[in-house]
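*Asks:* After the structure tokens below, expect a handful of questions from me.
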Amino acid sequence: MRCKYCNSEKVVKKGFNPNRKQRYLCKSCNRTFVENAERNYYPHNYKELAVRMFCEGMTMMAIARVLKVPYQTVRTWIRREGEKALKKI
Ligand SMILES: [Zn+2]
């Protein structure tokens with residue numbers, strides 16, 4: 001885990017934000033930030049893949065299992081990306 005502001009590794013856990021996401025405190029620049037798992041930890045094409053699987057009739061639970069991504073994340077992707085995809089059609 002690195003600070004998203006100064007890239008320092010001197011980062012400690014600092015409770016949770018109201019959305020229950022892990023909050024971190026950087027001891028170098030003294031700023032707090034929240035980990036954003038869905039943006040940083042999965043390959044770019046996962047989102048597109050998840051939406052495509054969903055369009056092919058797979059359930060969100062199945063997609064989560066196949067991609068090994070938390071169900072919540074899959075749901076967020078499909079909700080966001082699915083809306084974009086529908087606009088293109
Ligand atoms: Zn920092």
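Ligands are numbered from 1 in the order shown, chains are lettered A, B, ... in the order of the structure tokens, and residues start at 1 in each chain.
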Excluding Lys27 (chain A) and residues on its chain fewer than 4 positions from it, collect all residues at most 10 Å away from it, counting only C-alpha atoms, and give them as an MDAnalysis selection string.
*Replies:* chainID A and resid 3 8:12 31:32
*Asks:* Return as a tab-separated table the residues of chain A lying at most 6 Å from ligand 1, together with the closest atom-to-atom pair for each and the distance in Å to one decimal, counting only C-alpha atoms and all ligand atoms, with rows in chain order and ascending residue number.
*Replies:*
```
residue	atom	partner	partner_atom_place_in_ligand_line	distance
A:Cys3	CA	ligand 1	1 (Zn)	4.6
A:Tyr5	CA	ligand 1	1 (Zn)	5.1
A:Cys6	CA	ligand 1	1 (Zn)	4.1
A:Asn7	CA	ligand 1	1 (Zn)	6.0
A:Ser8	CA	ligand 1	1 (Zn)	5.3
A:Cys26	CA	ligand 1	1 (Zn)	4.6
A:Ser28	CA	ligand 1	1 (Zn)	5.0
A:Cys29	CA	ligand 1	1 (Zn)	4.1
```
*Asks:* Have a look at CA of Tyr42 (chain A) and CA of Lys14 (chain A) and let me know their distance in Å, one decimal.
*Replies:*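 Value for the CA of Tyr42 (chain A)-CA of Lys14 (chain A) distance: 23.8 Å.
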*Asks:* Restricting the calculation to only C-alpha atoms: of A:His44, A:Arg75, A:Arg80, A:Lys4, which residue gets closest to Thr59 (chain A)?
*Replies:*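 Answer, going by the shortest atom-to-atom distance: A:Arg75.
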*Asks:* Write out as a list in words which residues come within 9 Å of Met60 (chain A) when counting only C-alpha atoms, dropping same-chain ones fewer than 3 positions away.
*Replies:* Ala50, Met53, Phe54, Ile63, Ala64, Arg65, Tyr71, Val74, Arg75 and Ile78 of chain A
*Asks:* CA of Met61 (chain A) and CA of Thr76 (chain A) are how many Å apart?
*Replies:* 12.5 Å
